[in-house]
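To start, the structure under review is shown below, and the notes come after it.
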Amino acid sequence: MTAAKAAVRPPKPTGWRAIRERMRNYAHHHRSITILWTMAIAGALLIVLPRIPPLNLIQSANPWYDAFANAGVYVLLAMGLNVVVGLAGLLDLGYAAFFAIGAYTYAYSNSPFSGQDLPFFPMLVVGAAVAAVFGIALGAPTLRLRGDYLAIMTLGFGEIVPIVFVNSDPYTNGTNGIGGIYRPEALPFFGEFSPLTSFNYMIVMIVIVTVAMMLLYRLHDSRIGRAWMAIREDELAAAANGINTVVTKLLAFALGATTSGFAGVFNASKLTIVSPDQFLFAVSFTVLAMIIVGGMGNIWGVAAGGFIVFMIQAVVLKQLSGIAETLQKAGLLPVFDIGPLHVDIAKVNFVEYQYLLFGIALVIMMLKRPEGLFPSQVRRAELHAAEELGPDDPELLGALGDTPGNDEDMGDPAASR
Amino acid sequence: MTDVLHAKNVTKRFGGLVAVHDIDFTIPEGSIVSLIGPNGAGKTTFFNIIAGIYDPSAGSIEFRGRDMIAKARRAWMEPIAWLLPPAVLGAITLAVAESGTKNQTVLALGLTATILALLASMVIGVSRPPAYQRFMFRFGIFRSARPNDMVVAGLGRTFQNIRLFANMTAMDNVLVGMHSRLKTTWIDALLSTPRDRREEKTSRVRANELLTLVGLKGRGGVVAKNLPYGDQRRLEIARALASDPALLLLDEPTAGMNPRETAELTVLIGRLRSELGLTVLLIEHDMRVVMGISDRVTVLDHGERIAEGTPDEVRRNPKVIEAYLGTPPA
């Protein structure tokens, strides 16, 4: 039997492919260690890159660190929303609400407005827990709904929450929001948190993202993760296979909200002000766009998507005018006339056009690469299948079934021996 | 032989349409029972009632000795509901006694009423008559079994039109089927506890066994929608088997298959009974399959049972011939 199987197996890959496959195998079996290493490397790059050209030509290191820390907030949001939308398939358009709840929880516990001054790191957990409670409270009435109806309902919740914050003056200070929020306590090695040293925030953020990613990957690979995906694929069939859809969906809402709550607390402590207009629909929409761009369902993909989209939106587009000006001064960007049109790219204020450019990018993306920049392996395999061989090709089935590192080999005692 | 399933006088109405009318139906343990009938006869509706997708308009389902329609949602509240009337009566009696009355008759009556109420609530609570069930439903102490409750109780099913998790691998499909039998919680998963890892490993071994059983050995890594049609049907059976069911419901398992695939699947269904000791309820249009492996056949038409018996009896039944071919001209 073994001999027959070996004969069917395609020849062992060599060279670069072999290395890639071994790495993929390793990553699959040792998820948490892989994440630790990857995040350590990414963190080191984030520390070093802003200090060397070309990045340090655009702006100095501190604004870069600041931007990275802010990007981390969106990476967290994207990973949390990915649980709800990407894994469980529940389209949530009011995700910013949980972000707001986390932020306000911290603001109320740490500001002159309320007179409270509670420590930051425990509050990180408390804010997340409060958001989780609201996640469940919000999820409960939406359980019977699907697709469009669910989206409208969550959209409603996303609209309600900022309005509630505007109108409950005694607790939230209304439209002005809560200002002067205390910064986190100094860390042993890194010292004080202050606007001048965003480095500390970035380090804390990298740690939070690493832990969140590890935990989310564990859930993704577990019985619960499979249950979420089953509900996404076919809710009735999932129920007919013994999955308690009510509990499982609520858990998705709660964990999505928890991640968002973390982001909210962090963001409030960093900005030192929260106000209702920080949590409008645009935030929910941007996060949704991030996970679509990143590759829905793939955790590191949506994290990367969140980072990339945020950096493009918040940094690259803002710097484009400056870059264009520099180029023009260097004589690389000519000013020219086409008939009545006078084209002077350096005079364009790109910040004004950021949503236009963002929208165009999304449209192109959806046309050219609907599965996102970094789709999950299964989706990629399946898309290749459709393109190259056709779904019923026996050659493809053999190849896919015997790929090393796939799920089947993991539990096969013969393979691990 | 005991019955795995007993559907008692089940009726289902959709508005004015009676899809299933007063059907009494039993499935003996270890048998293969087929449900046949022309299109629109109510077979799938009946199937869905058994599987917990629809609640019957009337009647009840007893599955492995348990009433699945009146499933206790808050089981701890049911005894409280029983004890409430006797407790109230007892409290009143006590209060009267404490108030210093010397009337022995009143006290005796109160005590008798309390004991009678206690007895009555025990009898009612055990026998669960319909009025009691309606009462318990009204206050949310009872609810009907949902599909996932049925799976936990030991029922596996496949669908008429394949409903696999199309974008998941064959292996993951089977693992989802195992969901109700796995014990790790989300906290186990977060902490990656030894229990979680052990269970994950054993469940994968088991899933491989199931894939081998249905003839999908080595296909575990294939995304379900890329499998050929016949294999998808087999995978659906493997997924249903993953929850270790006592009763397997197969809704037209050979629909759309070629004769060779059909023959293979018929053999497989026979093996499920002989090797795993399963009881099978089959809806099928292919008469060769039905007549070949069934112990008993029930024929439905317009929501009513028109015949029941061994395959041979049913084949010769004039009512069945009429239902399928129409009335002969006078």
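Residues are named by chain letter and number: chains run A, B, ... in the order of the structure tokens, numbers start at 1 in each chain, and ligands are numbered from 1 in the order shown.
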Exercise for review: For chain B, report every residue with an atom at most 7 Å from chain A (counting only C-alpha atoms), formatted as number ranges by chain.
Suggested key: B: 147-149, 151-152, 163, 165-166, 171, 176-177, 179-180, 186, 189-190, 201, 204-205, 218-223, 226-228, 240
Point to revise | strand (DSSP E or B) residues, from DSSP on the backbone, in stretch 165-288 of chain B, as an MDAnalysis selection string | key: chainID B and resid 169 223 247:251 279:283
Exercise for review: Would you please give, as a PyMOL selection string, all residues of stretch 56-228 of chain B that DSSP assigns to alpha helix (DSSP H) based on the backbone?
Suggested key: chain B and resi 77-98+104-127+130-138+147-153+170-177+186-191+194-213
Export C-alpha atoms of the chosen residues as a short mmCIF file (atom, residue, chain, number, x, y, z; two decimals), in the first residue's frame?
```cif
data_model
loop_
_atom_site.label_atom_id
_atom_site.label_comp_id
_atom_site.auth_asym_id
_atom_site.auth_seq_id
_atom_site.Cartn_x
_atom_site.Cartn_y
_atom_site.Cartn_z
CA MET B 77 -36.74 24.80 36.24
CA GLU B 78 -38.99 21.87 35.48
CA PRO B 79 -38.94 20.33 38.99
CA ILE B 80 -39.51 23.80 40.40
CA ALA B 81 -42.62 24.07 38.27
CA TRP B 82 -43.77 20.71 39.63
CA LEU B 83 -43.13 21.69 43.21
CA LEU B 84 -44.71 25.12 42.97
CA PRO B 85 -48.43 24.14 43.46
CA PRO B 86 -47.79 21.77 46.42
CA ALA B 87 -45.40 24.30 47.94
CA VAL B 88 -48.03 27.05 47.73
CA LEU B 89 -50.70 24.78 49.23
CA GLY B 90 -48.33 23.64 51.95
CA ALA B 91 -47.41 27.23 52.74
CA ILE B 92 -51.07 28.23 53.05
CA THR B 93 -51.75 25.26 55.35
CA LEU B 94 -48.79 26.17 57.49
CA ALA B 95 -49.86 29.79 57.64
CA VAL B 96 -53.35 28.75 58.72
CA ALA B 97 -51.89 26.46 61.40
CA GLU B 98 -49.61 29.20 62.67
CA GLN B 104 -58.71 20.33 62.68
CA THR B 105 -60.77 19.75 59.52
CA VAL B 106 -59.26 22.72 57.75
CA LEU B 107 -55.75 21.60 58.62
CA ALA B 108 -56.41 18.04 57.50
CA LEU B 109 -57.89 19.27 54.24
CA GLY B 110 -54.90 21.50 53.62
CA LEU B 111 -52.47 18.69 54.30
CA THR B 112 -54.36 16.30 52.03
CA ALA B 113 -54.50 18.87 49.25
CA THR B 114 -50.76 19.41 49.53
CA ILE B 115 -49.97 15.72 49.32
CA LEU B 116 -52.40 15.22 46.43
CA ALA B 117 -50.84 18.16 44.57
CA LEU B 118 -47.42 16.65 45.12
CA LEU B 119 -48.56 13.32 43.72
CA ALA B 120 -50.37 14.92 40.81
CA SER B 121 -47.40 17.02 39.79
CA MET B 122 -45.16 13.97 39.91
CA VAL B 123 -47.53 11.97 37.71
CA ILE B 124 -47.98 14.88 35.28
CA GLY B 125 -44.29 15.69 35.24
CA VAL B 126 -43.38 12.12 34.34
CA SER B 127 -46.14 11.49 31.79
CA PRO B 130 -50.07 17.79 25.98
CA ALA B 131 -51.62 20.46 28.19
CA TYR B 132 -48.60 20.32 30.48
CA GLN B 133 -46.29 20.62 27.49
CA ARG B 134 -48.16 23.64 26.17
CA PHE B 135 -47.89 25.22 29.61
CA MET B 136 -44.16 24.56 29.74
CA PHE B 137 -43.69 25.92 26.22
CA ARG B 138 -45.60 29.05 27.12
CA PRO B 147 -31.21 20.30 14.64
CA ASN B 148 -28.10 20.42 16.81
CA ASP B 149 -29.98 18.89 19.75
CA MET B 150 -30.95 16.00 17.49
CA VAL B 151 -27.32 15.46 16.53
CA VAL B 152 -26.29 15.44 20.17
CA ALA B 153 -29.05 12.91 20.84
CA ALA B 170 -12.89 17.31 3.04
CA MET B 171 -11.03 16.72 6.30
CA ASP B 172 -12.43 19.90 7.86
CA ASN B 173 -15.92 18.93 6.74
CA VAL B 174 -15.64 15.66 8.63
CA LEU B 175 -14.14 17.42 11.65
CA VAL B 176 -17.10 19.79 11.73
CA GLY B 177 -19.32 16.73 11.74
CA TRP B 186 -12.72 27.99 23.23
CA ILE B 187 -10.70 28.52 26.39
CA ASP B 188 -8.88 25.23 25.82
CA ALA B 189 -8.17 26.39 22.31
CA LEU B 190 -6.88 29.78 23.45
CA LEU B 191 -4.51 28.21 25.96
CA PRO B 194 -2.90 19.24 26.35
CA ARG B 195 -6.52 18.12 26.18
CA ASP B 196 -7.08 20.32 23.15
CA ARG B 197 -4.01 18.98 21.36
CA ARG B 198 -4.78 15.38 22.20
CA GLU B 199 -8.36 15.65 21.04
CA GLU B 200 -7.34 17.41 17.86
CA LYS B 201 -4.99 14.58 17.03
CA THR B 202 -7.37 11.72 17.77
CA SER B 203 -10.19 13.42 15.92
CA ARG B 204 -8.01 13.71 12.82
CA VAL B 205 -7.17 10.03 12.99
CA ARG B 206 -10.85 9.23 13.32
CA ALA B 207 -11.74 11.54 10.44
CA ASN B 208 -9.21 9.73 8.26
CA GLU B 209 -10.82 6.42 9.16
CA LEU B 210 -14.22 7.75 8.16
CA LEU B 211 -12.90 9.09 4.87
CA THR B 212 -11.39 5.68 4.19
CA LEU B 213 -14.67 3.99 5.07
#
```
Check your understanding: With only C-alpha atoms as the basis for distance, which of A:Val75, A:Ala100, A:Ala289, A:Leu93 is at the shortest distance from A:Gly359?
Key ->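 Distance minimum relative to A:Gly359 lands on A:Ala289.
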Study note, to complete from the structure: A straight line from atom CA of A:Asn62 to atom CA of A:Leu118 spans 27.5 Å
Exercise for review: Please identify all polymer residues within 7 Å of A:Tyr65, counting only C-alpha atoms, omitting same-chain residues fewer than 2 positions from it, and present them as a PyMOL selection string.
Suggested key: chain A and resi 61-63+67-69+198-199+202
I need the chosen residues saved as an mmCIF file, in the first residue's frame, with N, CA and C atoms.
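Result saved to part09.cif:
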```cif
data_model
loop_
_atom_site.group_PDB
_atom_site.id
_atom_site.type_symbol
_atom_site.label_atom_id
_atom_site.label_comp_id
_atom_site.auth_asym_id
_atom_site.auth_seq_id
_atom_site.Cartn_x
_atom_site.Cartn_y
_atom_site.Cartn_z
ATOM 1 N N ALA A 61 11.995 59.989 12.697
ATOM 2 C CA ALA A 61 11.597 58.675 13.199
ATOM 3 C C ALA A 61 10.338 58.730 14.057
ATOM 4 N N ASN A 62 10.219 59.723 14.945
ATOM 5 C CA ASN A 62 9.097 59.724 15.878
ATOM 6 C C ASN A 62 7.722 59.729 15.201
ATOM 7 N N PRO A 63 7.489 60.573 14.199
ATOM 8 C CA PRO A 63 6.190 60.490 13.510
ATOM 9 C C PRO A 63 5.953 59.121 12.872
ATOM 10 N N ALA A 67 2.856 56.766 13.675
ATOM 11 C CA ALA A 67 1.981 56.201 12.638
ATOM 12 C C ALA A 67 1.883 54.691 12.783
ATOM 13 N N PHE A 68 3.004 54.036 13.097
ATOM 14 C CA PHE A 68 2.971 52.578 13.251
ATOM 15 C C PHE A 68 2.069 52.176 14.422
ATOM 16 N N ALA A 69 2.175 52.929 15.518
ATOM 17 C CA ALA A 69 1.329 52.609 16.671
ATOM 18 C C ALA A 69 -0.146 52.778 16.316
ATOM 19 N N SER A 198 6.791 58.251 20.850
ATOM 20 C CA SER A 198 5.774 57.298 20.441
ATOM 21 C C SER A 198 6.331 55.885 20.393
ATOM 22 N N PHE A 199 7.641 55.787 20.552
ATOM 23 C CA PHE A 199 8.306 54.492 20.527
ATOM 24 C C PHE A 199 7.664 53.524 21.523
ATOM 25 N N MET A 202 4.466 52.168 20.375
ATOM 26 C CA MET A 202 4.633 51.204 19.289
ATOM 27 C C MET A 202 5.015 49.848 19.856
#
```
Exercise for review: Tell me, in Å to one decimal, how far atom CA of A:Ala129 is from atom CA of A:Leu143.
Suggested key: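 Atom CA of A:Leu143 lies at a distance of 20.7 Å from atom CA of A:Ala129.
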Point to revise | B:Glu261 surroundings by only C-alpha atoms, 12 Å radius, close-in-sequence under 4 positions cut, as a VMD selection string | key: chain B and resid 215 228 to 234 253 to 257 265 to 268 289
Check your understanding: Hey, can you check how far atom CA of A:Leu373 sits from atom CA of A:Gly305?
Key -> 7.5 Å
Point to revise | Shell of 6 Å around stretch 145-155 of chain A, only C-alpha atoms, local chain residues under 4 positions omitted, as a list in words | key: Leu91, Asp92, Leu93 and Gly94 of chain A
Revision key, fill the gap. Among B:Leu241, B:Leu5, B:Leu155, B:Ile36, B:Val320 is approached most closely, using only C-alpha atoms, by B:Ile36
Check your understanding: Hey, what's within 12 Å of B:Gly40 if we count only C-alpha atoms and toss same-chain stuff fewer than 6 positions away? As a PyMOL selection string, please?
Key -> chain B and resi 17-20+46+300-304+323-324
